[in-house]
Amino acid sequence: MDLSLYFVTGRELLPPGKEYLESLEEALQGGVTAVQIREKNSDTLEFLQIARQSKILCMKYNVPLIINDRIDIALAIQANGVHLGQTDMPVHVAKTLLPTGMVIGVSCNNMDHVRKAIEDGVDYIGIGAVWGTTTKELTNPIIGVRGVGSLLQALDGTFIKAVAIGGINSSTVLRTLHGSVSPSGHRLDGIAVVSQIAASATPRSAAQRLKDSFEAWVHGFDVQNQTVQVYDVETIKNGVVELLQVIRDKNPLIHQITNVVVTNQSANATLALGASPIMATASEEMHDLSRIPGALLINFGTITDKDSMILAGKYANEAQKPLVFDPVGVGATQFRKTTASELLNTWQASVIKGNPGEMAALANSKEVQAKGVDSVGSGFADPASFIRELAKKERCVAVMTGPTDWVSDGTTVVKLDNGRKILGDITGSGCLVGTCVATFCAGASLLATAPGTNPGTESEKLVRGNMLIGAIGGVLALTVAAECAAERSDVHGSGTFLPALIDELYKLKPETLLSRAKVHVL
Ligand code: 3NM
Ligand code: MG
């Protein structure tokens, strides 16, 4: 059974003037692959009639029909299956009533539900609610895409299919799919929607858009999993130099929501690299800014603009713009931990950047401790494996800074050995790395969307361009500039180092980057 686009009906949501069967038929024409009849307010007779009429249409389009909750109705119309909620007929009882071959699906909100579903041998599970929804009064917590991902892992090694449900629409679909992948690489088999189709005046195109998004994403996911890009040092260095040129030619807008400590120097570093900073924080302007090519940096060194951070990230995802997340001091307080979780559930970061203490806190690892915003101790025993796993889990590029910087996309791990100790003597050098990474990722995005490139292969991605090269470029630019600055005779301490660092970013030459960059591919 193909659950790619699973339409759950909602007759009460039909727009004025739209007939139920007309709407259903248009949805089927738009590419719905499975239909569930969900009638929460109908008498048995009405439910039966609706189910019967729906079945005729579904058969015409060769699409399976599932009945929500009511085993008697499913039997009466010989539906393809039933969907059972946690307070409906238990699966083992349903199985005694249903003929073999009838599909059974179950709603799951947590690991206990999933374990029970596996034990019961169901055919598929609906995991939700992934987002907030007004279609159904939720009795269980919203679990977010990361919640969906962790539940999917429990299905490894089974044949049970999974769809996500709750608040999936044209603007959340890509984020839903991209984020709902387990650390083991288990993805969704489909998406289930009510209102995006049922409440639409044009259900055919509503369904078509969701279907297209799903198919493009699955294609990209499979391609990505089949082709491991192999990097060598020269390719990386040349890629970085190319990005520096793109930044200077195209002058991308780097929107930064960052902390008060580093705002000015981050803006200056952006300018020095050849890009344009805007340090806007008002939620009212987040949408407009997302339309301008470039990148978004969210640094929560001082979390005073959480709503804007949420909005800006959502819009950046929609615009397929790079989003760099710098969870400053995330281990320091419970508020920061909760906020990081909330942000990462709402949008997908292209790059997450932090020191070992911050990355440990994000990964729930106790191996490295933090004191406020600073990392304590000597770091991870095996930083390469740690960063690779974190990148895989967060489905983005991960950058861990320190005397040695580590960058990974979940497959390749790159070790970078530039920089000077004096970087640690100015405030916000880590934040500057975030700014430089965002700037280089903007370059990577512009390069991927330049006229002449094939947007077809990029459209299914959450972000365009090579974020691994972008992240490496940002780290290298700052650390190489730091070496050049530290070696200057007019630098006498941290006070004179900072302006010299900005100067060196401003003057940074491709040949300097190429000759100084210490890149190791693991
Ligand atoms: N079940 P929409 S959420 C029917 O969490 C249903 O199990 C959910 O509607 C669950 O696509 C939900 O309009 C409603 O948000 C989904
Ligand atoms: Mg139910």
# chains A, B, ... in the order shown; residues from 1 in each chain; ligands from 1
>>> residues_around(residues="Ile50 of chain A", least_positions_apart="3", cutoff="10 Å", atoms="only C-alpha atoms", output="JSON, numbers by chain")
{"A": [11, 20, 21, 37, 38, 39, 42, 44, 45, 46, 47, 53, 54, 55]}
>>> write_last_selection(atoms="N, CA and C atoms", output="mmCIF file, in the first residue's frame")
data_model
loop_
_atom_site.group_PDB
_atom_site.id
_atom_site.type_symbol
_atom_site.label_atom_id
_atom_site.label_comp_id
_atom_site.auth_asym_id
_atom_site.auth_seq_id
_atom_site.Cartn_x
_atom_site.Cartn_y
_atom_site.Cartn_z
ATOM 1 N N ARG A 11 -15.034 16.392 6.453
ATOM 2 C CA ARG A 11 -16.157 17.029 5.742
ATOM 3 C C ARG A 11 -16.546 18.376 6.325
ATOM 4 N N TYR A 20 -18.656 17.365 -0.926
ATOM 5 C CA TYR A 20 -17.693 16.390 -0.414
ATOM 6 C C TYR A 20 -17.116 15.486 -1.506
ATOM 7 N N LEU A 21 -18.005 14.877 -2.292
ATOM 8 C CA LEU A 21 -17.514 13.902 -3.268
ATOM 9 C C LEU A 21 -16.711 14.562 -4.383
ATOM 10 N N ILE A 37 -11.486 7.546 5.783
ATOM 11 C CA ILE A 37 -12.736 8.255 6.067
ATOM 12 C C ILE A 37 -12.834 8.434 7.580
ATOM 13 N N ARG A 38 -12.811 9.682 7.967
ATOM 14 C CA ARG A 38 -12.850 10.024 9.384
ATOM 15 C C ARG A 38 -14.113 10.843 9.611
ATOM 16 N N GLU A 39 -15.055 10.259 10.330
ATOM 17 C CA GLU A 39 -16.356 10.894 10.572
ATOM 18 C C GLU A 39 -16.580 10.918 12.067
ATOM 19 N N SER A 42 -20.820 11.871 12.821
ATOM 20 C CA SER A 42 -21.918 11.335 12.012
ATOM 21 C C SER A 42 -22.572 10.138 12.679
ATOM 22 N N THR A 44 -24.360 6.440 12.438
ATOM 23 C CA THR A 44 -23.907 5.243 11.722
ATOM 24 C C THR A 44 -24.378 5.236 10.269
ATOM 25 N N LEU A 45 -25.642 5.574 10.054
ATOM 26 C CA LEU A 45 -26.188 5.501 8.696
ATOM 27 C C LEU A 45 -25.469 6.485 7.769
ATOM 28 N N GLU A 46 -25.259 7.693 8.284
ATOM 29 C CA GLU A 46 -24.597 8.711 7.466
ATOM 30 C C GLU A 46 -23.148 8.287 7.163
ATOM 31 N N PHE A 47 -22.466 7.778 8.186
ATOM 32 C CA PHE A 47 -21.090 7.315 8.025
ATOM 33 C C PHE A 47 -21.049 6.226 6.942
ATOM 34 N N GLN A 53 -20.059 5.737 -0.739
ATOM 35 C CA GLN A 53 -19.837 6.632 -1.895
ATOM 36 C C GLN A 53 -18.342 6.881 -2.101
ATOM 37 N N SER A 54 -17.635 7.032 -0.982
ATOM 38 C CA SER A 54 -16.188 7.280 -1.076
ATOM 39 C C SER A 54 -15.492 6.089 -1.703
ATOM 40 N N LYS A 55 -15.977 4.893 -1.347
ATOM 41 C CA LYS A 55 -15.327 3.687 -1.851
ATOM 42 C C LYS A 55 -15.426 3.594 -3.369
#
>>> residues_near_ligand(ligand="ligand 2", cutoff="6 Å", atoms="only C-alpha atoms and all ligand atoms", output="PyMOL selection string")
chain A and resi 69+84-85+88
>>> residues_around(residues="Leu3 of chain A", least_positions_apart="3", cutoff="12 Å", atoms="only C-alpha atoms", output="NGL selection string")
:A and (6-8 or 31-36 or 63-66 or 103 or 105 or 123-126 or 160-165 or 188-193 or 211 or 214-215)
>>> write_last_selection(atoms="N, CA and C atoms", output="mmCIF file, in the first residue's frame")
data_model
loop_
_atom_site.group_PDB
_atom_site.id
_atom_site.type_symbol
_atom_site.label_atom_id
_atom_site.label_comp_id
_atom_site.auth_asym_id
_atom_site.auth_seq_id
_atom_site.Cartn_x
_atom_site.Cartn_y
_atom_site.Cartn_z
ATOM 1 N N TYR A 6 -1.426 10.478 2.157
ATOM 2 C CA TYR A 6 -2.552 9.827 2.841
ATOM 3 C C TYR A 6 -3.534 10.923 3.241
ATOM 4 N N PHE A 7 -4.668 10.932 2.574
ATOM 5 C CA PHE A 7 -5.676 11.964 2.836
ATOM 6 C C PHE A 7 -6.684 11.441 3.851
ATOM 7 N N VAL A 8 -6.798 12.168 4.953
ATOM 8 C CA VAL A 8 -7.781 11.845 5.983
ATOM 9 C C VAL A 8 -8.906 12.861 5.822
ATOM 10 N N GLY A 31 -3.456 13.208 -6.825
ATOM 11 C CA GLY A 31 -2.387 12.264 -6.518
ATOM 12 C C GLY A 31 -2.422 11.650 -5.132
ATOM 13 N N VAL A 32 -3.560 11.804 -4.418
ATOM 14 C CA VAL A 32 -3.701 11.130 -3.121
ATOM 15 C C VAL A 32 -3.530 9.625 -3.329
ATOM 16 N N THR A 33 -2.762 8.972 -2.470
ATOM 17 C CA THR A 33 -2.477 7.542 -2.680
ATOM 18 C C THR A 33 -3.218 6.635 -1.703
ATOM 19 N N ALA A 34 -3.811 7.216 -0.654
ATOM 20 C CA ALA A 34 -4.615 6.441 0.294
ATOM 21 C C ALA A 34 -5.610 7.407 0.931
ATOM 22 N N VAL A 35 -6.793 6.871 1.255
ATOM 23 C CA VAL A 35 -7.838 7.722 1.837
ATOM 24 C C VAL A 35 -8.343 7.080 3.117
ATOM 25 N N GLN A 36 -8.481 7.913 4.128
ATOM 26 C CA GLN A 36 -9.110 7.445 5.376
ATOM 27 C C GLN A 36 -10.385 8.255 5.585
ATOM 28 N N VAL A 63 -7.322 3.520 -5.426
ATOM 29 C CA VAL A 63 -6.681 3.987 -4.196
ATOM 30 C C VAL A 63 -7.344 3.278 -3.010
ATOM 31 N N PRO A 64 -6.542 2.737 -2.082
ATOM 32 C CA PRO A 64 -7.142 2.037 -0.941
ATOM 33 C C PRO A 64 -7.908 2.971 -0.013
ATOM 34 N N LEU A 65 -8.947 2.399 0.589
ATOM 35 C CA LEU A 65 -9.801 3.167 1.489
ATOM 36 C C LEU A 65 -9.734 2.553 2.889
ATOM 37 N N ILE A 66 -9.502 3.402 3.857
ATOM 38 C CA ILE A 66 -9.380 2.981 5.259
ATOM 39 C C ILE A 66 -10.502 3.663 6.047
ATOM 40 N N VAL A 103 -5.961 -4.168 6.191
ATOM 41 C CA VAL A 103 -4.885 -3.350 6.747
ATOM 42 C C VAL A 103 -5.296 -2.776 8.102
ATOM 43 N N GLY A 105 -4.026 0.155 10.825
ATOM 44 C CA GLY A 105 -3.127 1.259 11.167
ATOM 45 C C GLY A 105 -3.471 1.775 12.551
ATOM 46 N N ASP A 123 0.055 -2.819 10.372
ATOM 47 C CA ASP A 123 0.641 -2.614 9.045
ATOM 48 C C ASP A 123 1.307 -1.247 8.908
ATOM 49 N N TYR A 124 0.713 -0.277 9.564
ATOM 50 C CA TYR A 124 1.343 1.047 9.531
ATOM 51 C C TYR A 124 0.992 1.804 10.803
ATOM 52 N N ILE A 125 1.783 2.837 11.089
ATOM 53 C CA ILE A 125 1.434 3.730 12.199
ATOM 54 C C ILE A 125 1.352 5.167 11.685
ATOM 55 N N GLY A 126 0.466 5.928 12.302
ATOM 56 C CA GLY A 126 0.375 7.364 12.038
ATOM 57 C C GLY A 126 0.988 8.055 13.236
ATOM 58 N N ILE A 160 6.760 -2.369 9.156
ATOM 59 C CA ILE A 160 5.664 -1.453 9.459
ATOM 60 C C ILE A 160 5.934 -0.086 8.836
ATOM 61 N N LYS A 161 4.946 0.403 8.100
ATOM 62 C CA LYS A 161 5.126 1.710 7.473
ATOM 63 C C LYS A 161 4.734 2.816 8.441
ATOM 64 N N ALA A 162 5.184 4.028 8.125
ATOM 65 C CA ALA A 162 4.875 5.152 9.017
ATOM 66 C C ALA A 162 4.581 6.412 8.236
ATOM 67 N N VAL A 163 3.531 7.098 8.673
ATOM 68 C CA VAL A 163 3.241 8.427 8.153
ATOM 69 C C VAL A 163 3.215 9.391 9.334
ATOM 70 N N ALA A 164 3.478 10.654 9.055
ATOM 71 C CA ALA A 164 3.337 11.671 10.102
ATOM 72 C C ALA A 164 2.029 12.394 9.857
ATOM 73 N N ILE A 165 1.431 12.916 10.922
ATOM 74 C CA ILE A 165 0.169 13.642 10.800
ATOM 75 C C ILE A 165 0.133 14.813 11.779
ATOM 76 N N LEU A 188 10.164 8.598 6.754
ATOM 77 C CA LEU A 188 8.716 8.409 6.663
ATOM 78 C C LEU A 188 8.342 7.750 5.337
ATOM 79 N N ASP A 189 7.247 6.992 5.358
ATOM 80 C CA ASP A 189 6.719 6.420 4.123
ATOM 81 C C ASP A 189 5.675 7.331 3.505
ATOM 82 N N GLY A 190 5.274 8.327 4.245
ATOM 83 C CA GLY A 190 4.275 9.230 3.693
ATOM 84 C C GLY A 190 3.866 10.296 4.686
ATOM 85 N N ILE A 191 2.974 11.157 4.199
ATOM 86 C CA ILE A 191 2.440 12.212 5.054
ATOM 87 C C ILE A 191 0.916 12.099 5.036
ATOM 88 N N ALA A 192 0.315 12.339 6.196
ATOM 89 C CA ALA A 192 -1.144 12.294 6.293
ATOM 90 C C ALA A 192 -1.660 13.698 6.550
ATOM 91 N N VAL A 193 -2.641 14.112 5.800
ATOM 92 C CA VAL A 193 -3.161 15.469 5.954
ATOM 93 C C VAL A 193 -4.676 15.482 5.943
ATOM 94 N N LYS A 211 2.151 16.084 -3.019
ATOM 95 C CA LYS A 211 2.672 14.880 -3.664
ATOM 96 C C LYS A 211 4.016 15.181 -4.319
ATOM 97 N N PHE A 214 6.675 15.538 -1.745
ATOM 98 C CA PHE A 214 7.059 14.238 -1.188
ATOM 99 C C PHE A 214 7.947 13.472 -2.156
ATOM 100 N N GLU A 215 7.515 13.406 -3.400
ATOM 101 C CA GLU A 215 8.276 12.607 -4.368
ATOM 102 C C GLU A 215 9.660 13.180 -4.609
#
>>> closest_residue(among="A:Cys441, A:Val122, A:Cys58, A:Ile71", to="Glu242 of chain A", atoms="only C-alpha atoms")
A:Cys441
>>> residues_around(residues="segment 261-263 of chain A", least_positions_apart="2", cutoff="12 Å", atoms="only C-alpha atoms", output="JSON, numbers by chain")
{"A": [255, 256, 257, 258, 259, 265, 266, 267, 268, 269, 270, 277, 278, 279, 280, 281, 297, 298, 299, 300, 301, 302, 328, 426, 427, 428, 429, 430, 431, 432, 433, 434, 435, 498]}
>>> residues_near_ligand(ligand="ligand 1", cutoff="8 Å", atoms="only C-alpha atoms and all ligand atoms", output="PyMOL selection string")
chain A and resi 8+38+85+107-109+126-136+138+140+142+165-169+192-196+198
>>> write_last_selection(atoms="C-alpha atoms", output="JSON list (two decimals), in the first residue's frame")
[["chain", "number", "residue", "atom", "x", "y", "z"],
["A", 8, "VAL", "CA", -7.78, 11.84, 5.98],
["A", 38, "ARG", "CA", -12.85, 10.02, 9.38],
["A", 85, "GLY", "CA", -6.69, 5.38, 17.77],
["A", 107, "SER", "CA", -2.12, 6.31, 15.89],
["A", 108, "CYS", "CA", 1.10, 6.66, 17.88],
["A", 109, "ASN", "CA", 2.30, 9.55, 19.95],
["A", 126, "GLY", "CA", 0.38, 7.36, 12.04],
["A", 127, "ILE", "CA", 2.77, 9.41, 14.16],
["A", 128, "GLY", "CA", 1.48, 12.68, 15.53],
["A", 129, "ALA", "CA", 0.84, 15.31, 16.14],
["A", 130, "VAL", "CA", 4.01, 16.51, 14.47],
["A", 131, "TRP", "CA", 2.89, 20.15, 14.48],
["A", 132, "GLY", "CA", 0.06, 22.05, 16.10],
["A", 133, "THR", "CA", -3.31, 21.59, 14.41],
["A", 134, "THR", "CA", -6.80, 23.00, 14.79],
["A", 135, "THR", "CA", -8.41, 20.08, 12.98],
["A", 136, "LYS", "CA", -8.44, 17.82, 16.01],
["A", 138, "LEU", "CA", -5.10, 17.05, 20.75],
["A", 140, "ASN", "CA", -1.33, 14.09, 23.52],
["A", 142, "ILE", "CA", 2.91, 17.73, 19.95],
["A", 165, "ILE", "CA", 0.17, 13.64, 10.80],
["A", 166, "GLY", "CA", -0.84, 16.98, 12.28],
["A", 167, "GLY", "CA", -0.32, 20.41, 10.80],
["A", 168, "ILE", "CA", 1.33, 19.22, 7.62],
["A", 169, "ASN", "CA", 0.77, 21.72, 4.83],
["A", 192, "ALA", "CA", -1.14, 12.29, 6.29],
["A", 193, "VAL", "CA", -3.16, 15.47, 5.95],
["A", 194, "VAL", "CA", -6.66, 16.68, 6.63],
["A", 195, "SER", "CA", -7.14, 20.41, 6.31],
["A", 196, "GLN", "CA", -4.57, 21.20, 3.64],
["A", 198, "ALA", "CA", -10.14, 19.04, 2.83]]
>>> select_by_dssp(residues="segment 206-426 of chain A", states="strand (DSSP E)", output="PyMOL selection string")
chain A and resi 253-257+276-278+294-299+323-326+351-354+369-371+374-376+397-400+405-408+413-416
>>> write_last_selection(atoms="N, CA and C atoms", output="short mmCIF file (atom, residue, chain, number, x, y, z; two decimals), in the first residue's frame")
data_model
loop_
_atom_site.label_atom_id
_atom_site.label_comp_id
_atom_site.auth_asym_id
_atom_site.auth_seq_id
_atom_site.Cartn_x
_atom_site.Cartn_y
_atom_site.Cartn_z
N LEU A 253 23.11 39.01 1.39
CA LEU A 253 22.64 39.59 2.65
C LEU A 253 22.74 38.54 3.75
N ILE A 254 23.46 38.88 4.81
CA ILE A 254 23.58 37.94 5.93
C ILE A 254 22.76 38.50 7.08
N HIS A 255 21.60 37.89 7.23
CA HIS A 255 20.70 38.32 8.30
C HIS A 255 21.12 37.62 9.59
N GLN A 256 21.41 38.41 10.61
CA GLN A 256 21.92 37.84 11.85
C GLN A 256 21.09 38.28 13.04
N ILE A 257 20.53 37.29 13.71
CA ILE A 257 19.90 37.56 15.00
C ILE A 257 20.92 37.05 16.01
N SER A 276 26.79 41.65 2.98
CA SER A 276 26.06 42.72 3.66
C SER A 276 25.38 42.19 4.91
N PRO A 277 25.69 42.78 6.05
CA PRO A 277 25.01 42.34 7.26
C PRO A 277 23.70 43.09 7.48
N ILE A 278 22.74 42.41 8.07
CA ILE A 278 21.60 43.13 8.64
C ILE A 278 21.28 42.43 9.95
N GLY A 294 20.79 35.10 0.40
CA GLY A 294 21.85 35.20 1.40
C GLY A 294 21.74 34.07 2.38
N ALA A 295 21.87 34.40 3.64
CA ALA A 295 21.79 33.36 4.67
C ALA A 295 21.29 33.98 5.97
N LEU A 296 20.90 33.09 6.88
CA LEU A 296 20.42 33.52 8.19
C LEU A 296 21.31 32.90 9.27
N LEU A 297 21.72 33.74 10.22
CA LEU A 297 22.44 33.24 11.39
C LEU A 297 21.57 33.46 12.62
N ILE A 298 21.37 32.40 13.37
CA ILE A 298 20.66 32.54 14.64
C ILE A 298 21.62 32.15 15.75
N ASN A 299 21.97 33.15 16.53
CA ASN A 299 22.92 32.97 17.63
C ASN A 299 22.18 33.36 18.89
N LEU A 323 20.69 28.24 6.94
CA LEU A 323 20.39 28.70 8.30
C LEU A 323 21.48 28.15 9.22
N VAL A 324 22.24 29.03 9.77
CA VAL A 324 23.32 28.63 10.67
C VAL A 324 22.87 28.89 12.10
N PHE A 325 22.96 27.86 12.92
CA PHE A 325 22.51 27.97 14.31
C PHE A 325 23.71 27.89 15.23
N ASP A 326 23.85 28.89 16.07
CA ASP A 326 24.93 28.93 17.05
C ASP A 326 24.30 28.92 18.44
N VAL A 351 23.52 24.36 9.25
CA VAL A 351 24.77 24.16 9.98
C VAL A 351 24.51 24.45 11.46
N ILE A 352 25.01 23.60 12.33
CA ILE A 352 25.01 23.92 13.76
C ILE A 352 26.46 24.04 14.18
N LYS A 353 26.76 25.11 14.86
CA LYS A 353 28.14 25.41 15.21
C LYS A 353 28.25 25.68 16.69
N GLY A 354 29.23 25.05 17.33
CA GLY A 354 29.40 25.31 18.76
C GLY A 354 30.74 24.81 19.26
N GLN A 369 31.97 19.10 29.67
CA GLN A 369 31.16 20.00 30.48
C GLN A 369 31.36 21.44 30.00
N ALA A 370 30.46 22.29 30.43
CA ALA A 370 30.57 23.69 30.08
C ALA A 370 30.43 24.55 31.32
N LYS A 371 31.04 25.71 31.27
CA LYS A 371 30.86 26.70 32.32
C LYS A 371 30.34 27.95 31.63
N ASP A 374 31.47 28.86 28.08
CA ASP A 374 32.78 28.28 27.77
C ASP A 374 32.81 26.77 27.99
N SER A 375 33.58 26.11 27.15
CA SER A 375 33.76 24.68 27.25
C SER A 375 34.87 24.40 28.26
N VAL A 376 34.71 23.33 29.05
CA VAL A 376 35.70 23.01 30.07
C VAL A 376 36.40 21.70 29.72
N VAL A 397 25.07 20.00 8.71
CA VAL A 397 26.51 20.05 8.90
C VAL A 397 26.76 20.51 10.33
N ALA A 398 27.68 19.84 11.00
CA ALA A 398 28.02 20.23 12.37
C ALA A 398 29.46 20.74 12.41
N VAL A 399 29.64 21.84 13.12
CA VAL A 399 30.98 22.44 13.26
C VAL A 399 31.30 22.53 14.74
N MET A 400 32.40 21.91 15.14
CA MET A 400 32.82 22.01 16.54
C MET A 400 34.15 22.76 16.59
N ASP A 405 39.44 22.51 14.78
CA ASP A 405 38.02 22.60 14.44
C ASP A 405 37.60 21.36 13.67
N TRP A 406 36.41 20.88 13.95
CA TRP A 406 35.89 19.67 13.31
C TRP A 406 34.62 20.00 12.56
N VAL A 407 34.53 19.54 11.32
CA VAL A 407 33.33 19.79 10.52
C VAL A 407 32.89 18.46 9.91
N SER A 408 31.58 18.19 9.98
CA SER A 408 31.08 16.97 9.35
C SER A 408 29.68 17.17 8.79
N VAL A 413 34.24 13.64 7.58
CA VAL A 413 34.68 14.47 8.71
C VAL A 413 35.94 15.21 8.27
N VAL A 414 35.96 16.50 8.50
CA VAL A 414 37.11 17.32 8.12
C VAL A 414 37.68 17.97 9.38
N LYS A 415 38.98 17.87 9.49
CA LYS A 415 39.69 18.42 10.65
C LYS A 415 40.45 19.64 10.16
N LEU A 416 40.31 20.74 10.88
CA LEU A 416 40.95 21.99 10.45
C LEU A 416 41.86 22.48 11.57
#
